[in-house]
Amino acid sequence: MELELKNITKKYKDKEAVKNANVTIHTGVTGLLGANGAGKTTVMRMICGVLKPTEGTISFDGLNVEDEMYRDVLGYLPQDFGYYPNFKARDFLLYIAALKGLDKESAKVKCEELLKKVNLSDVANKKISTFSGGMKQRLGIAQALINDPKIIILDEPTAGLDPKERVHFRNMIGELGKNNIVILSTHIVSDVEHIADRILMMKDGEFIYDGEIKDINMDLEEFYLKEFEEA
Ligand SMILES: Nc1ncnc2c1ncn2[C@@H]1O[C@H](COP(=O)(O)OP(=O)(O)O)[C@@H](O)[C@H]1O
Ligand SMILES: [Mg+2]
């Protein structure tokens, strides 16, 4: 599997948020690391087809991001996830399942499976408005997985998770990365240090590092801080 970004540029009026990016992403967990404003969300929204690049093309195994079928292979947890406070968790997942075209029976099975996976079975009948940040985030991850996506985009998914949830989350992401393309963005080095097969680092709209953690000849944290030091 191969997700390819070719000559991708995104301009918001005269602000160039992504500058001629070329990157190919394979199966496994890719950590998209960068300070706030680096361009991570912009890249992810373009990969998910909700934002059109100003220039360039995005494709997955020959399927263009604009193709109808591309959406079927995509799961997305947006950075600002947290809608539908009046839904109960299970009903919300069933709703998303319906939107994604699952039939009733498979939707039911899938939702129970995912509630279990993200540890929300016990609160499945509680309203989302009563959830903690971490619980909302786990529900967000569950909804992203409902259509068994091959490409899983998680924008700052660890925001609001407590330490125990982080460990659980890491295991889950590692599992997903075995057979899928998982891209997760963060501005916190330790979030990706132990789970990412590959690190993409962004700064001011450019990819400034692309490689495996083991190829960075120093502590990742140190490397990151050095890159983001004021010039
Ligand atoms: N809708 C928008 N209009 C104008 N500028 C934007 C918009 N969205 C993001 N930007 C700018 O683009 C840059 C990259 O933002 P973003 O992709 O959100 O970065 P990150 O997710 O790494 O924090 C920032 O300078 C941000 O202010
Ligand atoms: Mg962002």
# chains A, B, ... in the order shown; residues from 1 in each chain; ligands from 1
$ closest_atom_pairs --of "chain A" --to "ligand 2" --cutoff "9 Å" --atoms "only C-alpha atoms and all ligand atoms" --output "Markdown table"
| residue | atom | partner | partner_atom_place_in_ligand_line | distance |
| --- | --- | --- | --- | --- |
| A:Ala35 | CA | ligand 2 | 1 (Mg) | 8.8 |
| A:Asn36 | CA | ligand 2 | 1 (Mg) | 6.5 |
| A:Gly37 | CA | ligand 2 | 1 (Mg) | 6.8 |
| A:Ala38 | CA | ligand 2 | 1 (Mg) | 8.0 |
| A:Gly39 | CA | ligand 2 | 1 (Mg) | 6.9 |
| A:Lys40 | CA | ligand 2 | 1 (Mg) | 5.3 |
| A:Thr41 | CA | ligand 2 | 1 (Mg) | 4.0 |
| A:Thr42 | CA | ligand 2 | 1 (Mg) | 7.3 |
| A:Met44 | CA | ligand 2 | 1 (Mg) | 8.7 |
| A:Pro78 | CA | ligand 2 | 1 (Mg) | 8.9 |
| A:Gln79 | CA | ligand 2 | 1 (Mg) | 6.3 |
| A:Asp80 | CA | ligand 2 | 1 (Mg) | 8.9 |
| A:Asp155 | CA | ligand 2 | 1 (Mg) | 6.7 |
| A:Glu156 | CA | ligand 2 | 1 (Mg) | 7.0 |
| A:Ser185 | CA | ligand 2 | 1 (Mg) | 7.7 |
| A:Thr186 | CA | ligand 2 | 1 (Mg) | 7.9 |
| A:His187 | CA | ligand 2 | 1 (Mg) | 8.7 |
$ residues_around --residues "A:Phe92" --least-positions-apart "6" --cutoff "10 Å" --atoms "only C-alpha atoms" --output "list in words"
Tyr83, Tyr84, Pro85, Asn86, Ala98, Cys111, Ala124, Lys127, Ile128, Leu139 and Gln143 of chain A
$ write_last_selection --atoms "N, CA, C and O atoms" --output "PDB file, in the first residue's frame"
ATOM      1  N   TYR A  83     -18.265  16.548  18.381  1.00  0.00           N
ATOM      2  CA  TYR A  83     -19.612  16.969  18.025  1.00  0.00           C
ATOM      3  C   TYR A  83     -20.671  16.107  18.719  1.00  0.00           C
ATOM      4  O   TYR A  83     -20.363  15.173  19.427  1.00  0.00           O
ATOM      5  N   TYR A  84     -21.892  16.458  18.470  1.00  0.00           N
ATOM      6  CA  TYR A  84     -23.042  15.654  18.886  1.00  0.00           C
ATOM      7  C   TYR A  84     -23.080  15.348  20.387  1.00  0.00           C
ATOM      8  O   TYR A  84     -23.167  14.192  20.777  1.00  0.00           O
ATOM      9  N   PRO A  85     -23.020  16.373  21.228  1.00  0.00           N
ATOM     10  CA  PRO A  85     -23.006  16.130  22.678  1.00  0.00           C
ATOM     11  C   PRO A  85     -24.253  15.410  23.179  1.00  0.00           C
ATOM     12  O   PRO A  85     -24.198  14.743  24.201  1.00  0.00           O
ATOM     13  N   ASN A  86     -25.358  15.532  22.460  1.00  0.00           N
ATOM     14  CA  ASN A  86     -26.592  14.928  22.948  1.00  0.00           C
ATOM     15  C   ASN A  86     -26.784  13.473  22.536  1.00  0.00           C
ATOM     16  O   ASN A  86     -27.706  12.811  22.987  1.00  0.00           O
ATOM     17  N   ALA A  98     -24.166   4.254   9.749  1.00  0.00           N
ATOM     18  CA  ALA A  98     -25.200   4.434   8.721  1.00  0.00           C
ATOM     19  C   ALA A  98     -24.709   5.393   7.642  1.00  0.00           C
ATOM     20  O   ALA A  98     -24.865   5.146   6.446  1.00  0.00           O
ATOM     21  N   CYS A 111     -20.163  -1.776  15.870  1.00  0.00           N
ATOM     22  CA  CYS A 111     -20.182  -0.786  16.956  1.00  0.00           C
ATOM     23  C   CYS A 111     -19.851  -1.426  18.295  1.00  0.00           C
ATOM     24  O   CYS A 111     -19.082  -0.860  19.081  1.00  0.00           O
ATOM     25  N   ALA A 124     -21.691   3.044  27.034  1.00  0.00           N
ATOM     26  CA  ALA A 124     -22.250   3.165  25.688  1.00  0.00           C
ATOM     27  C   ALA A 124     -23.601   3.865  25.660  1.00  0.00           C
ATOM     28  O   ALA A 124     -23.976   4.462  24.653  1.00  0.00           O
ATOM     29  N   LYS A 127     -24.588   9.906  27.492  1.00  0.00           N
ATOM     30  CA  LYS A 127     -24.452  10.996  26.523  1.00  0.00           C
ATOM     31  C   LYS A 127     -22.995  11.454  26.408  1.00  0.00           C
ATOM     32  O   LYS A 127     -22.274  11.514  27.409  1.00  0.00           O
ATOM     33  N   ILE A 128     -22.605  11.822  25.202  1.00  0.00           N
ATOM     34  CA  ILE A 128     -21.227  12.257  24.962  1.00  0.00           C
ATOM     35  C   ILE A 128     -20.894  13.498  25.807  1.00  0.00           C
ATOM     36  O   ILE A 128     -19.762  13.679  26.233  1.00  0.00           O
ATOM     37  N   LEU A 139     -13.797   7.705  21.683  1.00  0.00           N
ATOM     38  CA  LEU A 139     -14.968   7.551  20.823  1.00  0.00           C
ATOM     39  C   LEU A 139     -14.646   8.039  19.407  1.00  0.00           C
ATOM     40  O   LEU A 139     -15.069   7.450  18.416  1.00  0.00           O
ATOM     41  N   GLN A 143     -15.020   5.927  15.920  1.00  0.00           N
ATOM     42  CA  GLN A 143     -15.771   6.321  14.727  1.00  0.00           C
ATOM     43  C   GLN A 143     -14.891   6.336  13.478  1.00  0.00           C
ATOM     44  O   GLN A 143     -15.357   6.096  12.373  1.00  0.00           O
TER      45      GLN A 143
END
$ closest_residue --among "A:Lys52, A:Lys117, A:Lys108, A:Lys203" --to "ligand 1" --atoms "only C-alpha atoms and all ligand atoms"
A:Lys203
$ residues_around --residues "A:Leu94" --least-positions-apart "6" --cutoff "12 Å" --atoms "only C-alpha atoms" --output "VMD selection string"
chain A and resid 87 to 88 100 to 115 124 139 142 to 143 146 to 147
$ write_last_selection --atoms "N, CA and C atoms" --output "PDB file, in the first residue's frame"
ATOM      1  N   PHE A  87     -25.898  13.004  21.688  1.00  0.00           N
ATOM      2  CA  PHE A  87     -25.936  11.593  21.319  1.00  0.00           C
ATOM      3  C   PHE A  87     -25.394  10.743  22.454  1.00  0.00           C
ATOM      4  N   LYS A  88     -25.926   9.547  22.589  1.00  0.00           N
ATOM      5  CA  LYS A  88     -25.265   8.553  23.425  1.00  0.00           C
ATOM      6  C   LYS A  88     -24.174   7.911  22.567  1.00  0.00           C
ATOM      7  N   LYS A 100     -21.743   5.853   6.746  1.00  0.00           N
ATOM      8  CA  LYS A 100     -20.707   5.205   5.943  1.00  0.00           C
ATOM      9  C   LYS A 100     -21.254   4.044   5.141  1.00  0.00           C
ATOM     10  N   GLY A 101     -22.538   3.824   5.249  1.00  0.00           N
ATOM     11  CA  GLY A 101     -23.177   2.846   4.369  1.00  0.00           C
ATOM     12  C   GLY A 101     -23.203   1.412   4.871  1.00  0.00           C
ATOM     13  N   LEU A 102     -22.930   1.198   6.156  1.00  0.00           N
ATOM     14  CA  LEU A 102     -23.033  -0.165   6.692  1.00  0.00           C
ATOM     15  C   LEU A 102     -24.503  -0.543   6.859  1.00  0.00           C
ATOM     16  N   ASP A 103     -24.842  -1.805   6.598  1.00  0.00           N
ATOM     17  CA  ASP A 103     -26.224  -2.219   6.839  1.00  0.00           C
ATOM     18  C   ASP A 103     -26.418  -2.396   8.347  1.00  0.00           C
ATOM     19  N   LYS A 104     -27.685  -2.460   8.766  1.00  0.00           N
ATOM     20  CA  LYS A 104     -28.027  -2.425  10.191  1.00  0.00           C
ATOM     21  C   LYS A 104     -27.326  -3.500  11.006  1.00  0.00           C
ATOM     22  N   GLU A 105     -27.352  -4.701  10.495  1.00  0.00           N
ATOM     23  CA  GLU A 105     -26.792  -5.832  11.244  1.00  0.00           C
ATOM     24  C   GLU A 105     -25.270  -5.692  11.415  1.00  0.00           C
ATOM     25  N   SER A 106     -24.571  -5.409  10.321  1.00  0.00           N
ATOM     26  CA  SER A 106     -23.108  -5.261  10.452  1.00  0.00           C
ATOM     27  C   SER A 106     -22.759  -4.040  11.285  1.00  0.00           C
ATOM     28  N   ALA A 107     -23.593  -2.996  11.210  1.00  0.00           N
ATOM     29  CA  ALA A 107     -23.343  -1.797  12.010  1.00  0.00           C
ATOM     30  C   ALA A 107     -23.384  -2.136  13.495  1.00  0.00           C
ATOM     31  N   LYS A 108     -24.397  -2.891  13.889  1.00  0.00           N
ATOM     32  CA  LYS A 108     -24.545  -3.300  15.291  1.00  0.00           C
ATOM     33  C   LYS A 108     -23.328  -4.057  15.774  1.00  0.00           C
ATOM     34  N   VAL A 109     -22.932  -5.052  15.002  1.00  0.00           N
ATOM     35  CA  VAL A 109     -21.778  -5.893  15.362  1.00  0.00           C
ATOM     36  C   VAL A 109     -20.518  -5.044  15.463  1.00  0.00           C
ATOM     37  N   LYS A 110     -20.316  -4.204  14.446  1.00  0.00           N
ATOM     38  CA  LYS A 110     -19.115  -3.377  14.386  1.00  0.00           C
ATOM     39  C   LYS A 110     -19.050  -2.404  15.555  1.00  0.00           C
ATOM     40  N   CYS A 111     -20.163  -1.776  15.870  1.00  0.00           N
ATOM     41  CA  CYS A 111     -20.182  -0.786  16.956  1.00  0.00           C
ATOM     42  C   CYS A 111     -19.851  -1.426  18.295  1.00  0.00           C
ATOM     43  N   GLU A 112     -20.397  -2.605  18.560  1.00  0.00           N
ATOM     44  CA  GLU A 112     -20.084  -3.286  19.829  1.00  0.00           C
ATOM     45  C   GLU A 112     -18.604  -3.637  19.889  1.00  0.00           C
ATOM     46  N   GLU A 113     -18.088  -4.112  18.764  1.00  0.00           N
ATOM     47  CA  GLU A 113     -16.671  -4.493  18.681  1.00  0.00           C
ATOM     48  C   GLU A 113     -15.782  -3.274  18.978  1.00  0.00           C
ATOM     49  N   LEU A 114     -16.150  -2.138  18.382  1.00  0.00           N
ATOM     50  CA  LEU A 114     -15.332  -0.934  18.565  1.00  0.00           C
ATOM     51  C   LEU A 114     -15.468  -0.340  19.965  1.00  0.00           C
ATOM     52  N   LEU A 115     -16.686  -0.385  20.512  1.00  0.00           N
ATOM     53  CA  LEU A 115     -16.883   0.120  21.883  1.00  0.00           C
ATOM     54  C   LEU A 115     -15.983  -0.652  22.840  1.00  0.00           C
ATOM     55  N   ALA A 124     -21.691   3.044  27.034  1.00  0.00           N
ATOM     56  CA  ALA A 124     -22.250   3.165  25.688  1.00  0.00           C
ATOM     57  C   ALA A 124     -23.601   3.865  25.660  1.00  0.00           C
ATOM     58  N   LEU A 139     -13.797   7.705  21.683  1.00  0.00           N
ATOM     59  CA  LEU A 139     -14.968   7.551  20.823  1.00  0.00           C
ATOM     60  C   LEU A 139     -14.646   8.039  19.407  1.00  0.00           C
ATOM     61  N   ALA A 142     -12.836   5.382  17.665  1.00  0.00           N
ATOM     62  CA  ALA A 142     -13.775   4.323  17.275  1.00  0.00           C
ATOM     63  C   ALA A 142     -14.524   4.693  16.000  1.00  0.00           C
ATOM     64  N   GLN A 143     -15.020   5.927  15.920  1.00  0.00           N
ATOM     65  CA  GLN A 143     -15.771   6.321  14.727  1.00  0.00           C
ATOM     66  C   GLN A 143     -14.891   6.336  13.478  1.00  0.00           C
ATOM     67  N   ILE A 146     -14.744   2.693  11.823  1.00  0.00           N
ATOM     68  CA  ILE A 146     -15.993   1.980  11.594  1.00  0.00           C
ATOM     69  C   ILE A 146     -16.069   1.264  10.241  1.00  0.00           C
ATOM     70  N   ASN A 147     -15.408   1.816   9.257  1.00  0.00           N
ATOM     71  CA  ASN A 147     -15.472   1.197   7.921  1.00  0.00           C
ATOM     72  C   ASN A 147     -14.218   0.369   7.615  1.00  0.00           C
TER      73      ASN A 147
END
$ select_by_dssp --residues "chain A" --states "helix (DSSP H, G or I)" --output "ChimeraX atom specification"
/A:40-47,68-72,89-99,104-117,121-123,128-130,133-144,163-177,189-193,213-215,220-227
$ residues_around --residues "A:Glu212" --least-positions-apart "6" --cutoff "7 Å" --atoms "only C-alpha atoms" --output "PyMOL selection string"
chain A and resi 197-199
$ atom_distance --atom1 "atom 3 (N, counted along the ligand's line) of ligand 1" --atom2 "atom CA of A:Tyr12"
5.1 Å
